[in-house]
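Presented below is the structure to which this report refers.
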2 protein chains.
Amino acid sequence: MAGQAPRKPAKHDAIAEILRAQIYSRELPPGHRVPSENEIAADHGVLKDTARKVLAELANEGLTESAQGKATVVRGFRPIRRRSIQRLSAEVWEHGKSIWDVDVPDRQPEVDDLTVVEEEPSDLVASMLGLDEGATVWRRSRRYLVDGAPVMRANSYLPADLVAGSPITQPDPGSGGIYARLGDLGHKPVHFREELRVRMPTPEEARDLRLGPGTPVVLIARYAADDDGRVVEVNDMTLSAAKYILEYAFDS
Amino acid sequence: MAGQAPRKPAKHDAIAEILRAQIYSRELPPGHRVPSENEIAADHGVLKDTARKVLAELANEGLTESAQGKATVVRGFRPIRRRSIQRLSAEVWEHGKSIWDVDVPDRQPEVDDLTVVEEEPSDLVASMLGLDEGATVWRRSRRYLVDGAPVMRANSYLPADLVAGSPITQPDPGSGGIYARLGDLGHKPVHFREELRVRMPTPEEARDLRLGPGTPVVLIARYAADDDGRVVEVNDMTLSAAKYILEYAFDS
DNA sequence: AAGTGGTCTAGACCACTAC
DNA sequence: TAGTGGTCTAGACCACTTC
């Protein structure tokens, strides 16, 4: 049959569209309070439960933040800039403009919840590092905070036969970090590869990084190889997508 | 007061947790049907509306896909690999393993919905290209499909004074694409920079890329510069996050 | 026609926050 | 204490898909 009657837009969608427009136009600016469930219900002549759907819709789009007892507010965007740029091409892009939030300066996260242990690698980590059967790894897990809020969880894996006895197995690896220590050991990382994937967080990830609905995570698997091409570290990171701008540069 | 009674987990959260575990453990594999609203209601002794919240929760986490009249199914993950790798470091990573879906081969998207027009640039595009007041640009907009499903929208901007009269202003720029033509014009792009940001899609983006709930988008702003460091193209892309693995490599 | 997802009303109750 | 977000029941109705 042609000529189907087009589905009438849902009330909660229509109301959400009004608020959405106000948020995008900054008529409702970041941090500003959004109408409450009861206000929406009264203003638009719907029940509270329908009003809830409106707020749920906006929250799932990442436009608002809510918590029990507190008013729902428009979410802000103050990203951290993460640069992964080759030294050579850095010169070319020195004065590179950013389309997003050019006025926000780079911020350095602090480390939180650090654990350093020797353990048997998963099959995956073993194959990523090219390890033999039975070889162990040192894992350095840490969470990063900015302004007191968690923004990233990172797990770094290093072959035990390479780093055993070095400061890398200590909580504080010393000035320059683990890459400087790998250099001391004759395995300075010079080649890097990163694989990125984006999805919604698992409940555990959401808890760990305090993510509300509508906040995706970026998973980065980073491989670092020395001059001989040996992979000396793999690092899997989970970033709160709402907190980051990622930047890459390369030549061809 | 210390010793607050911990909030009892919501019924819909508890039920969702059961299904979530079955999805993660692949007991409910990708493509498999998930219990319907009525089944959940009957199985767990709740009302249909509560059962809906369970399915909404899973959908917002990107775990399931639903459509009117059809059963809700577990979402699959067959990503496209997008490589942005420097020629030199390509050798190092030739045999690089991937932690995600190693068995999925690279797939080449087809182009859809191409428009090529000369127009006045937005202030943003003008400043990104370093254009003078009044200068115009050629915009090449296109959508990419894989297996008939849209996966990316890309808008490429090129200075009109550079490309006027060249095949770049035609729908088909010829073999090698616009980068080869820029080379013909003496402005071969050799330096690249990409800025990435991730968020939930706007309703328009969701419509254009046919994104369900729980599907983030990746925004990529790509700058291409020639040997003199002049930015000869900027390209803003919007990718369906669920369809891509992004890969970068660089040396230091 | 049966089953599915989707919308909406009506009203009760709970927990947390700010005042 | 008042206002906020959050949970749940009860039941009606709609639109789309599959058979």
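Please note that chains go A, B, ... in the order of the structure tokens, that every chain numbers its residues from 1, and that ligands are numbered from 1 in the order shown.
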
Could you give me, as a tab-separated table, every chain D residue with an atom at most 9 Å from chain A, plus its closest atom pair and distance in Å to one decimal, counting only C-alpha atoms (C1' of nucleotides), rows ordered by chain then number?
```
residue	atom	partner	partner_atom	distance
D:DG3	C1'	A:Gly69	CA	7.9
D:DT4	C1'	A:Gly69	CA	4.4
D:DG5	C1'	A:Gln68	CA	4.6
D:DG6	C1'	A:Gln68	CA	7.3
D:DA15	C1'	A:Arg7	CA	7.8
```

Would you mind listing, as a PyMOL selection string, all residues of chain C that have at least one atom within 10 Å of chain B, where only C-alpha atoms (C1' of nucleotides) are what counts?
chain C and resi 3-6+14-15

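Between CA of Ser175 in chain B and CA of Ala221 in chain B the separation is 24.3 Å.
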
Any idea what's packed within 12 Å of range 16-33 of chain B, counting only C-alpha atoms (C1' of nucleotides), ignoring anything in its chain fewer than 2 positions away? Could you give it as a ChimeraX atom specification?
/A:202-204 /B:9-14,35-37,39-40,44,50-66,70-78 /C:4

Considering only C-alpha atoms, state which residue in the set B:Asp49, B:Asp161, B:Asp112, B:Glu120 is at the smallest distance from Leu185 in chain B.
B:Asp161

List as a tab-separated table every residue of chain A that is in contact with chain B, defined as an atom at most 6 Å from one of its atoms (using only C-alpha atoms), together with the nearest atom pair and the distance in Å rounded to one decimal, sorted by chain and then rising number.
```
residue	atom	partner	partner_atom	distance
A:Glu61	CA	B:Met200	CA	5.3
A:Gln86	CA	B:Ser252	CA	5.4
A:Arg87	CA	B:Ser252	CA	5.5
A:Val190	CA	B:Ser252	CA	5.1
A:His191	CA	B:Asp251	CA	4.5
A:Phe192	CA	B:Phe250	CA	5.4
A:Arg193	CA	B:Ala249	CA	4.1
A:Glu194	CA	B:Tyr248	CA	5.2
A:Glu195	CA	B:Glu247	CA	4.5
A:Leu196	CA	B:Leu246	CA	4.9
A:Arg197	CA	B:Ile245	CA	5.2
A:Val198	CA	B:Ala241	CA	5.6
A:Met200	CA	B:Glu61	CA	5.3
A:Ala241	CA	B:Val198	CA	5.6
A:Ile245	CA	B:Arg197	CA	5.2
A:Leu246	CA	B:Leu196	CA	4.9
A:Glu247	CA	B:Glu195	CA	4.5
A:Tyr248	CA	B:Glu194	CA	5.2
A:Ala249	CA	B:Arg193	CA	4.1
A:Phe250	CA	B:Phe192	CA	5.3
A:Asp251	CA	B:His191	CA	4.5
A:Ser252	CA	B:Val190	CA	5.1
```
